[in-house]
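Visitor: Below are the structure tokens for one structure; questions will follow.
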Amino acid sequence: MIERAGAAGVGFMLAIGTGNGPPDLEAAIRIAEQYPRIFATVGVHPNDTPKLAADTFTNLERLLGHPKVKAIGEIGLDYHWGTPKEVQTPAFIKQLEIAVAAKMPIVIHTRDAWEDTLDVLKRHWAGCGLPCVLHCFTGTPEQARECLDLGFHLAFGGVATFPKAAEIREAARIVPADRLLLETDAPYLAPIPFRGKRNEPAYMAHTAKVLAGVRGVSVEELGRQTTENFERIFAIAKL
């Protein structure tokens with residue numbers, strides 16, 4: 001899979017380290033340590049917040065010192081699966097505070113919780129001067145503008161290629177070139193023509209082709225810009 005990603009032109013991969021939740025926060029680190037082009041995040045996904053233990057956040061802070069860890073994420077709010085809001089919100093805020101103290105970027109997951117997620121980010125993140133990436137953005141152009149006004153970055157995955165995703169493509173069209181990222185959300189949400197199959201990083205080339213057309217640029221230009229954005233946001237040295 002990693003070889004196929006390289007052959008498709010994928011320069012770097014950021015492995016999301018939430019895994020199955022606490023106590024193990026090192027799922028992505030174990031992979032990133034083996035491959036120079038893979039980096040990691042650490043964090044507690046909102047649906048894993050009921051698994052929090054007394055030492056979870058101490059461990060998270062410790063792992064931020066690992067050279068392959070480039071962000072805290074995915075963190076945020078998810079009301080889809082019924083995880084209590086009263087458990088999710090304090091954990092979200094705590095991880096934002098840890099990120100600010102460590103001067104680390106964040107990767108945000110939000111599902112069926114848009115207004116509350118943005119409210120927390122406005123109160124506890126906006127204005128801190130650190131990067132915030134809205135992972136797998138599937139919102140409207142209006143929601144995209146709200147994020148852009150706050151200085152955030154938007155990452156688009158395979159959903160942007162779906163026939164009924166015109167609003168998502170319009171959101172991708174209006175994002176400034178220096179705020180745009182590509183992603184997979186693998187193993188989920190494979191782009192056309194692989195929809196319904198197990199997603200993987202190599203398929204991101206198909207998402208790039210669609211978004212390049214929407215934005216009126218070449219695939220090469222889109223790839224160059226999103227790679228530069230990734231390197232800047234996550235402090236990655238150029239190859």
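Convention: chains lettered A, B, ... in structure tokens order; per-chain residue numbering from 1; ligands numbered from 1 as shown.
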Determine, for each residue of region 99-211 of chain A having at least one atom at most 9 Å from an atom of region 37-60 of chain A, the closest pair of atoms and their separation in Å to one decimal, counting only C-alpha atoms; order by chain and ascending number, as CSV.
Guide:
residue,atom,partner,partner_atom,distance
A:Ile106,CA,A:Thr41,CA,8.7
A:Val107,CA,A:Thr41,CA,8.4
A:His109,CA,A:His45,CA,7.8
A:Thr110,CA,A:Pro46,CA,8.8
Visitor: Please dump the current selection as a PDB file, in the first residue's frame; keep N, CA and C atoms.
Guide:
ATOM      1  N   ILE A 106      -3.568  21.186  15.264  1.00  0.00           N
ATOM      2  CA  ILE A 106      -4.645  20.254  15.600  1.00  0.00           C
ATOM      3  C   ILE A 106      -5.351  19.796  14.325  1.00  0.00           C
ATOM      4  N   VAL A 107      -5.903  18.583  14.391  1.00  0.00           N
ATOM      5  CA  VAL A 107      -6.713  18.024  13.313  1.00  0.00           C
ATOM      6  C   VAL A 107      -8.098  17.749  13.894  1.00  0.00           C
ATOM      7  N   HIS A 109     -12.082  16.610  13.988  1.00  0.00           N
ATOM      8  CA  HIS A 109     -13.176  15.744  13.543  1.00  0.00           C
ATOM      9  C   HIS A 109     -14.479  16.337  14.068  1.00  0.00           C
ATOM     10  N   THR A 110     -15.434  16.551  13.184  1.00  0.00           N
ATOM     11  CA  THR A 110     -16.754  17.002  13.635  1.00  0.00           C
ATOM     12  C   THR A 110     -17.825  16.281  12.823  1.00  0.00           C
TER      13      THR A 110
END
Visitor: List the neighbours of Arg179 (chain A) out to 8 Å using only C-alpha atoms; skip same-chain residues closer than 2 positions along the sequence, and give me the result as number ranges by chain.
Guide: A: 152-154, 175-177, 181, 229
Visitor: Only C-alpha atoms, please: the residues just picked out, written as a short mmCIF file (atom, residue, chain, number, x, y, z; two decimals), in the first residue's frame.
Guide:
data_model
loop_
_atom_site.label_atom_id
_atom_site.label_comp_id
_atom_site.auth_asym_id
_atom_site.auth_seq_id
_atom_site.Cartn_x
_atom_site.Cartn_y
_atom_site.Cartn_z
CA PHE A 152 -8.33 27.38 9.50
CA HIS A 153 -7.23 24.94 6.79
CA LEU A 154 -9.59 22.54 5.00
CA VAL A 175 -10.49 27.72 -0.49
CA PRO A 176 -7.34 29.81 -0.96
CA ALA A 177 -4.47 27.80 -2.39
CA LEU A 181 -5.05 19.94 1.82
CA ASN A 229 0.95 23.42 2.64
#
Visitor: Which residues come within 10 Å of Leu121 (chain A), counting only C-alpha atoms, excluding same-chain residues fewer than 2 positions away, as a PDB file with C-alpha atoms, in the first residue's frame?
Guide:
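Result went into around_25.pdb, see below:
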ATOM      1  CA  GLY A  76     -13.454  17.347  18.234  1.00  0.00           C
ATOM      2  CA  PHE A  92     -11.913  18.383  23.457  1.00  0.00           C
ATOM      3  CA  ILE A  93     -11.128  21.556  25.391  1.00  0.00           C
ATOM      4  CA  LEU A  96      -6.873  22.168  22.723  1.00  0.00           C
ATOM      5  CA  ILE A 108     -10.455  18.380  13.883  1.00  0.00           C
ATOM      6  CA  GLU A 115     -22.171  24.650  15.700  1.00  0.00           C
ATOM      7  CA  ASP A 116     -20.789  23.297  18.970  1.00  0.00           C
ATOM      8  CA  THR A 117     -17.443  22.402  17.383  1.00  0.00           C
ATOM      9  CA  LEU A 118     -16.991  25.886  15.946  1.00  0.00           C
ATOM     10  CA  ASP A 119     -18.097  27.448  19.216  1.00  0.00           C
ATOM     11  CA  ARG A 123     -13.457  30.181  22.442  1.00  0.00           C
ATOM     12  CA  HIS A 124     -10.400  27.984  22.944  1.00  0.00           C
ATOM     13  CA  TRP A 125      -8.354  28.079  19.726  1.00  0.00           C
ATOM     14  CA  ALA A 126      -9.052  30.924  17.302  1.00  0.00           C
ATOM     15  CA  GLY A 127      -6.436  33.610  17.615  1.00  0.00           C
ATOM     16  CA  CYS A 132      -6.110  24.041  12.647  1.00  0.00           C
ATOM     17  CA  CYS A 147     -13.608  28.260   8.880  1.00  0.00           C
ATOM     18  CA  LEU A 150     -11.067  31.905  11.509  1.00  0.00           C
TER      19      LEU A 150
END
Visitor: For a test of reading the model, state the distance in Å between CA of Asp149 (chain A) and CA of Gln88 (chain A), rounded to one decimal.
Guide: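 Separation of CA of Asp149 (chain A) and CA of Gln88 (chain A): 25.3 Å.
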Visitor: For a test of reading the model, state the distance in Å between CA of Asn20 (chain A) and CA of Gly73 (chain A), rounded to one decimal.
Guide: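 Taking CA of Asn20 (chain A) as the start and CA of Gly73 (chain A) as the end point, the length is 13.2 Å.
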Visitor: What is the CA of Lys197 (chain A)-CA of Leu14 (chain A) distance in Å, reported with one decimal?
Guide: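 For CA of Lys197 (chain A) relative to CA of Leu14 (chain A), the distance reads 20.9 Å.
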Visitor: Check region 30-65 of chain A with DSSP on the backbone and list each residue it calls strand (DSSP E), as a VMD selection string.
Guide: chain A and resid 38 to 42
Visitor: How would you write, as a PyMOL selection string, the set of residues in region 14-231 of chain A that DSSP gives as alpha helix (DSSP H)?
Guide: chain A and resi 27-32+56-63+85-102+114-124+141-149+166-174+204-215+219-231
Visitor: Give me, as an mmCIF file with C-alpha atoms, in the first residue's frame, all polymer residues having an atom no more than 12 Å from region 212-225 of chain A, counting only C-alpha atoms and skipping those fewer than 3 positions away in the same chain.
Guide:
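Listed below is the output, around.cif:
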data_model
loop_
_atom_site.group_PDB
_atom_site.id
_atom_site.type_symbol
_atom_site.label_atom_id
_atom_site.label_comp_id
_atom_site.auth_asym_id
_atom_site.auth_seq_id
_atom_site.Cartn_x
_atom_site.Cartn_y
_atom_site.Cartn_z
ATOM 1 C CA ALA A 8 0.833 7.545 -7.400
ATOM 2 C CA GLY A 9 2.792 10.669 -6.436
ATOM 3 C CA VAL A 10 1.909 10.906 -2.740
ATOM 4 C CA GLY A 11 4.816 12.665 -1.031
ATOM 5 C CA PHE A 12 3.905 12.393 2.627
ATOM 6 C CA PHE A 156 -10.775 17.277 1.255
ATOM 7 C CA ALA A 160 -15.530 15.468 -3.063
ATOM 8 C CA THR A 161 -15.612 13.151 -6.103
ATOM 9 C CA ALA A 166 -21.546 19.605 -5.633
ATOM 10 C CA GLU A 167 -21.577 21.722 -2.451
ATOM 11 C CA ILE A 168 -18.366 20.113 -1.227
ATOM 12 C CA ARG A 169 -16.690 20.770 -4.588
ATOM 13 C CA GLU A 170 -17.830 24.383 -4.432
ATOM 14 C CA ALA A 171 -16.339 24.639 -0.945
ATOM 15 C CA ALA A 172 -13.073 23.241 -2.303
ATOM 16 C CA ARG A 173 -13.158 25.738 -5.157
ATOM 17 C CA ILE A 174 -13.262 28.787 -2.874
ATOM 18 C CA VAL A 175 -10.493 27.717 -0.486
ATOM 19 C CA PRO A 176 -7.341 29.814 -0.961
ATOM 20 C CA ALA A 177 -4.472 27.796 -2.388
ATOM 21 C CA ASP A 178 -2.432 28.087 0.797
ATOM 22 C CA ARG A 179 -5.257 26.672 2.963
ATOM 23 C CA LEU A 180 -6.021 23.524 0.967
ATOM 24 C CA LEU A 181 -5.050 19.940 1.819
ATOM 25 C CA LEU A 182 -5.779 16.513 0.323
ATOM 26 C CA GLU A 183 -6.525 13.414 2.383
ATOM 27 C CA MET A 204 -5.852 10.417 -3.505
ATOM 28 C CA ALA A 205 -4.637 11.026 -7.066
ATOM 29 C CA HIS A 206 -8.256 10.682 -8.202
ATOM 30 C CA THR A 207 -9.432 13.244 -5.661
ATOM 31 C CA ALA A 208 -6.659 15.576 -6.777
ATOM 32 C CA LYS A 209 -7.735 15.265 -10.404
ATOM 33 C CA GLU A 228 3.899 22.841 0.327
ATOM 34 C CA ASN A 229 0.945 23.424 2.640
ATOM 35 C CA PHE A 230 1.521 20.082 4.355
ATOM 36 C CA GLU A 231 5.211 20.808 4.837
ATOM 37 C CA ARG A 232 4.477 24.240 6.284
ATOM 38 C CA LYS A 238 11.355 19.266 2.139
#
